[in-house]
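File shown here: start-v8.cif, holding mmCIF, C-alpha atoms.
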data_query
#
loop_
_atom_site.group_PDB
_atom_site.id
_atom_site.type_symbol
_atom_site.label_atom_id
_atom_site.label_comp_id
_atom_site.auth_asym_id
_atom_site.auth_seq_id
_atom_site.Cartn_x
_atom_site.Cartn_y
_atom_site.Cartn_z
ATOM 1 C CA MET U 887 0.000 0.000 0.000
ATOM 2 C CA SER U 888 1.749 3.110 -1.216
ATOM 3 C CA LEU U 889 0.815 6.754 -0.936
ATOM 4 C CA ASP U 890 -0.468 8.605 -3.989
ATOM 5 C CA VAL U 891 2.198 11.301 -4.015
ATOM 6 C CA SER U 892 1.576 14.266 -6.285
ATOM 7 C CA PRO U 893 4.410 15.474 -8.518
ATOM 8 C CA ALA U 894 4.481 18.747 -6.554
ATOM 9 C CA LEU U 895 4.879 16.945 -3.215
ATOM 10 C CA LEU U 896 7.544 14.659 -4.639
ATOM 11 C CA GLU U 897 9.406 17.679 -6.007
ATOM 12 C CA GLN U 898 9.197 19.315 -2.594
ATOM 13 C CA ALA U 899 10.705 16.186 -1.002
ATOM 14 C CA GLU U 900 13.485 16.107 -3.583
ATOM 15 C CA ARG U 901 14.346 19.740 -2.762
ATOM 16 C CA GLY U 902 14.511 19.147 0.982
ATOM 17 C CA GLU U 903 11.951 19.773 3.703
ATOM 18 C CA VAL U 904 8.317 18.854 3.123
ATOM 19 C CA ASP U 905 5.347 20.804 4.408
ATOM 20 C CA GLU U 906 3.766 18.466 6.968
ATOM 21 C CA ALA U 907 0.251 19.698 6.205
ATOM 22 C CA ALA U 908 0.755 18.687 2.570
ATOM 23 C CA PHE U 909 2.025 15.292 3.684
ATOM 24 C CA VAL U 910 -0.983 14.812 5.987
ATOM 25 C CA ASP U 911 -3.284 15.713 3.093
ATOM 26 C CA CYS U 912 -1.494 13.106 0.958
ATOM 27 C CA VAL U 913 -2.137 10.522 3.681
ATOM 28 C CA ARG U 914 -5.789 11.597 3.922
ATOM 29 C CA THR U 915 -6.394 11.115 0.214
ATOM 30 C CA SER U 916 -4.210 8.001 -0.182
ATOM 31 C CA LEU U 917 -5.473 6.078 2.837
ATOM 32 C CA PRO U 918 -9.145 7.099 3.189
ATOM 33 C CA TYR U 919 -10.197 4.109 5.286
ATOM 34 C CA ALA U 920 -7.380 4.606 7.787
ATOM 35 C CA TRP U 921 -8.002 8.363 7.836
ATOM 36 C CA GLY U 922 -11.717 7.860 8.454
ATOM 37 C CA MET U 923 -11.087 5.329 11.208
ATOM 38 C CA ILE U 924 -8.666 7.586 13.066
ATOM 39 C CA SER U 925 -10.799 10.705 12.502
ATOM 40 C CA SER U 926 -13.877 8.993 13.887
ATOM 41 C CA LEU U 927 -11.984 7.755 16.946
ATOM 42 C CA VAL U 928 -10.643 11.248 17.609
ATOM 43 C CA ALA U 929 -14.197 12.633 17.345
ATOM 44 C CA GLN U 930 -15.485 9.881 19.643
ATOM 45 C CA LEU U 931 -12.801 10.675 22.212
ATOM 46 C CA LYS U 932 -13.710 14.370 22.136
ATOM 47 C CA VAL U 933 -17.434 13.679 22.531
ATOM 48 C CA ASP U 934 -17.288 10.834 25.040
ATOM 49 C CA GLY U 935 -14.174 11.862 26.931
ATOM 50 C CA GLY U 936 -12.502 9.137 28.899
ATOM 51 C CA GLU U 937 -9.046 7.660 28.735
ATOM 52 C CA PHE U 938 -9.193 6.455 25.122
ATOM 53 C CA ALA U 939 -11.379 5.517 22.158
ATOM 54 C CA ASP U 940 -10.791 2.371 20.142
ATOM 55 C CA ASN U 941 -12.094 0.376 17.226
ATOM 56 C CA GLN U 942 -12.862 -3.320 17.569
ATOM 57 C CA THR U 943 -14.557 -3.925 14.212
ATOM 58 C CA PRO U 944 -12.441 -5.651 11.571
ATOM 59 C CA PRO U 945 -11.929 -3.775 8.294
ATOM 60 C CA PRO U 946 -14.389 -4.665 5.522
ATOM 61 C CA ASP U 947 -11.709 -5.957 3.138
ATOM 62 C CA GLU U 948 -7.991 -6.464 2.603
ATOM 63 C CA GLN U 949 -7.517 -3.030 1.028
ATOM 64 C CA ALA U 950 -8.890 -1.344 4.154
ATOM 65 C CA ARG U 951 -6.770 -3.585 6.367
ATOM 66 C CA GLY U 952 -3.719 -2.662 4.297
ATOM 67 C CA GLN U 953 -4.441 1.030 4.767
ATOM 68 C CA LEU U 954 -4.512 0.665 8.553
ATOM 69 C CA LEU U 955 -1.293 -1.312 8.518
ATOM 70 C CA ARG U 956 0.379 1.248 6.246
ATOM 71 C CA ALA U 957 -0.702 4.211 8.356
ATOM 72 C CA LEU U 958 0.282 2.716 11.682
ATOM 73 C CA ALA U 959 3.431 0.842 10.662
ATOM 74 C CA SER U 960 5.081 3.896 9.130
ATOM 75 C CA ASP U 961 6.799 6.092 11.706
ATOM 76 C CA ALA U 962 6.458 9.137 9.428
ATOM 77 C CA ILE U 963 2.749 8.640 8.768
ATOM 78 C CA ARG U 964 1.902 7.694 12.326
ATOM 79 C CA GLY U 965 3.846 10.621 13.790
ATOM 80 C CA SER U 966 2.248 13.092 11.393
ATOM 81 C CA LEU U 967 -1.226 11.779 12.226
ATOM 82 C CA GLU U 968 -0.527 12.048 15.938
ATOM 83 C CA ARG U 969 0.648 15.643 15.557
ATOM 84 C CA HIS U 970 -2.232 16.549 13.240
ATOM 85 C CA PHE U 971 -4.934 15.157 15.527
ATOM 86 C CA GLY U 972 -3.159 15.934 18.820
ATOM 87 C CA VAL U 973 -3.400 12.353 20.102
ATOM 88 C CA ARG U 974 -1.273 9.286 20.694
ATOM 89 C CA LEU U 975 -2.085 6.289 18.517
ATOM 90 C CA ALA U 976 -1.883 2.694 19.666
ATOM 91 C CA PHE U 977 -2.297 -0.413 17.540
ATOM 92 C CA GLN U 978 -2.795 -4.001 18.711
ATOM 93 C CA ASN U 979 -3.687 -5.990 15.617
ATOM 94 C CA CYS U 980 -5.112 -5.707 12.129
ATOM 95 C CA HIS U 981 -7.928 -3.460 13.280
ATOM 96 C CA ARG U 982 -7.718 -2.507 16.959
ATOM 97 C CA VAL U 983 -6.635 1.091 16.707
ATOM 98 C CA ALA U 984 -6.916 3.342 19.743
ATOM 99 C CA VAL U 985 -6.456 7.059 20.270
ATOM 100 C CA PHE U 986 -5.298 8.449 23.583
ATOM 101 C CA PRO U 987 -5.290 12.125 24.562
ATOM 102 C CA LEU U 988 -1.996 13.908 25.115
ATOM 103 C CA ASP U 989 -2.573 13.831 28.847
ATOM 104 C CA PRO U 990 -0.130 12.282 31.322
ATOM 105 C CA ALA U 991 -3.139 11.200 33.392
ATOM 106 C CA VAL U 992 -3.808 8.390 30.876
ATOM 107 C CA ASP U 993 -0.206 7.162 30.615
ATOM 108 C CA ASP U 994 -0.934 4.125 32.804
ATOM 109 C CA ARG U 995 -3.933 3.172 30.643
ATOM 110 C CA LEU U 996 -1.859 3.540 27.466
ATOM 111 C CA ALA U 997 0.898 1.404 29.003
ATOM 112 C CA ARG U 998 -1.643 -1.327 29.784
ATOM 113 C CA PHE U 999 -3.081 -1.147 26.257
ATOM 114 C CA ILE U 1000 0.305 -1.543 24.556
ATOM 115 C CA SER U 1001 1.711 -4.059 27.043
ATOM 116 C CA ILE U 1002 2.523 -7.676 26.266
ATOM 117 C CA ARG U 1003 -0.362 -8.660 28.529
ATOM 118 C CA GLY U 1004 -2.729 -6.344 26.648
ATOM 119 C CA GLN U 1005 -1.589 -7.837 23.349
ATOM 120 C CA LEU U 1006 -2.149 -11.397 24.558
ATOM 121 C CA LEU U 1007 -5.581 -10.645 25.994
ATOM 122 C CA ASN U 1008 -6.662 -9.157 22.648
ATOM 123 C CA GLN U 1009 -6.072 -12.384 20.704
ATOM 124 C CA SER U 1010 -8.716 -14.711 19.326
ATOM 125 C CA PRO U 1011 -8.877 -17.501 16.748
ATOM 126 C CA GLN U 1012 -10.946 -15.220 14.472
ATOM 127 C CA LEU U 1013 -8.009 -12.795 14.232
ATOM 128 C CA ARG U 1014 -5.432 -15.467 13.442
ATOM 129 C CA ASP U 1015 -5.130 -14.550 9.748
ATOM 130 C CA CYS U 1016 -5.868 -10.864 9.889
#

Kindly return the structure encoded in the file as structure tokens.
Amino acid sequence: MSLDVSPALLEQAERGEVDEAAFVDCVRTSLPYAWGMISSLVAQLKVDGGEFADNQTPPPDEQARGQLLRALASDAIRGSLERHFGVRLAFQNCHRVAVFPLDPAVDDRLARFISIRGQLLNQSPQLRDC
């Protein structure tokens, strides 16, 4: 799953520094499922409050799954999304994405979510091939 990079953005990268807002827009248009998932979780967190918001529904198809993996496995994409939305992202498997506020009060909850124990407790036979 690659980004759809415009010639102008590629030229900018070849010259040196890239405007992060332009990069985020490239991610938004290239990975619409991942963007929508993260955007909706950020909105849910703002409305509901709490320590975090997460998704537990598997993606509808392999393309959507690939978008989530691409967005969250890339340090550049993930970091830009975190800065853009003002959250910390956590990822446990092919679909369990969570957003945490930038608040030290939830650090313990984030640590539990991303722990080895948290990973093991989030397993199931249905997710074996995701």

Residue members of the PyMOL selection byres ((chain U and resi 892-908) around 12) in the file shown, as a PyMOL selection string: chain U and resi 889-891+909-916+962-963+965-971

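Here the question is which of U:Val928, U:Ala976, U:Leu1007, U:Ala991 gets nearest to Arg964 (chain U) using only C-alpha atoms, and that residue is U:Ala976.
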
For region 941-957 of chain U, find every residue with an atom within 6 Å (counting only C-alpha atoms), except residues of its own chain fewer than 2 positions away, and show them as a PDB file with C-alpha atoms, in the frame of the given file.
ATOM      1  CA  LEU U 917      -5.473   6.078   2.837  1.00  0.00           C
ATOM      2  CA  TYR U 919     -10.197   4.109   5.286  1.00  0.00           C
ATOM      3  CA  ALA U 920      -7.380   4.606   7.787  1.00  0.00           C
ATOM      4  CA  ALA U 959       3.431   0.842  10.662  1.00  0.00           C
ATOM      5  CA  SER U 960       5.081   3.896   9.130  1.00  0.00           C
ATOM      6  CA  ILE U 963       2.749   8.640   8.768  1.00  0.00           C
ATOM      7  CA  ARG U 964       1.902   7.694  12.326  1.00  0.00           C
ATOM      8  CA  HIS U 981      -7.928  -3.460  13.280  1.00  0.00           C
ATOM      9  CA  ARG U 982      -7.718  -2.507  16.959  1.00  0.00           C
ATOM     10  CA  VAL U 983      -6.635   1.091  16.707  1.00  0.00           C
TER      11      VAL U 983
END

Report, as AutoDock Vina command-line options, the centre and edge lengths in Å (one decimal) of the axis-aligned box enclosing every listed atom of region 892-907 of chain U, padded by 5 Å on each side.
--center_x 7.4 --center_y 17.5 --center_z -0.8 --size_x 24.3 --size_y 16.5 --size_z 25.5

Coordinates-based distance that separates CA of Ala929 (chain U) from CA of Val992 (chain U) (Å, one decimal):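 CA of Ala929 (chain U) lies at a distance of 17.6 Å from CA of Val992 (chain U).
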
Contacts of Val985 (chain U) within 9 Å, all atoms listed in the file, excl. fewer than 3 positions in-chain, as a PDB file with C-alpha atoms, in the coordinates of the input:
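The resulting file, part_5.pdb, is reproduced below:
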ATOM      1  CA  ILE U 924      -8.666   7.586  13.066  1.00  0.00           C
ATOM      2  CA  LEU U 927     -11.984   7.755  16.946  1.00  0.00           C
ATOM      3  CA  VAL U 928     -10.643  11.248  17.609  1.00  0.00           C
ATOM      4  CA  LEU U 931     -12.801  10.675  22.212  1.00  0.00           C
ATOM      5  CA  GLU U 937      -9.046   7.660  28.735  1.00  0.00           C
ATOM      6  CA  PHE U 938      -9.193   6.455  25.122  1.00  0.00           C
ATOM      7  CA  ALA U 939     -11.379   5.517  22.158  1.00  0.00           C
ATOM      8  CA  ASP U 940     -10.791   2.371  20.142  1.00  0.00           C
ATOM      9  CA  GLU U 968      -0.527  12.048  15.938  1.00  0.00           C
ATOM     10  CA  VAL U 973      -3.400  12.353  20.102  1.00  0.00           C
ATOM     11  CA  ARG U 974      -1.273   9.286  20.694  1.00  0.00           C
ATOM     12  CA  LEU U 975      -2.085   6.289  18.517  1.00  0.00           C
ATOM     13  CA  ALA U 976      -1.883   2.694  19.666  1.00  0.00           C
ATOM     14  CA  PHE U 977      -2.297  -0.413  17.540  1.00  0.00           C
TER      15      PHE U 977
END

Selected residue of minimal separation from Arg1003 (chain U) among U:Gln930, U:Ser888, U:Ser925, U:Gln978, counting all atoms listed in the file: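 Selected residue with least distance to Arg1003 (chain U): U:Gln978.
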
Atomic distance CA of Phe999 (chain U) - CA of Ala984 (chain U), expressed in Å with one decimal: 8.8 Å

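Across the structure, CA of Leu1006 (chain U) and CA of Asn979 (chain U) are spaced 10.6 Å apart.
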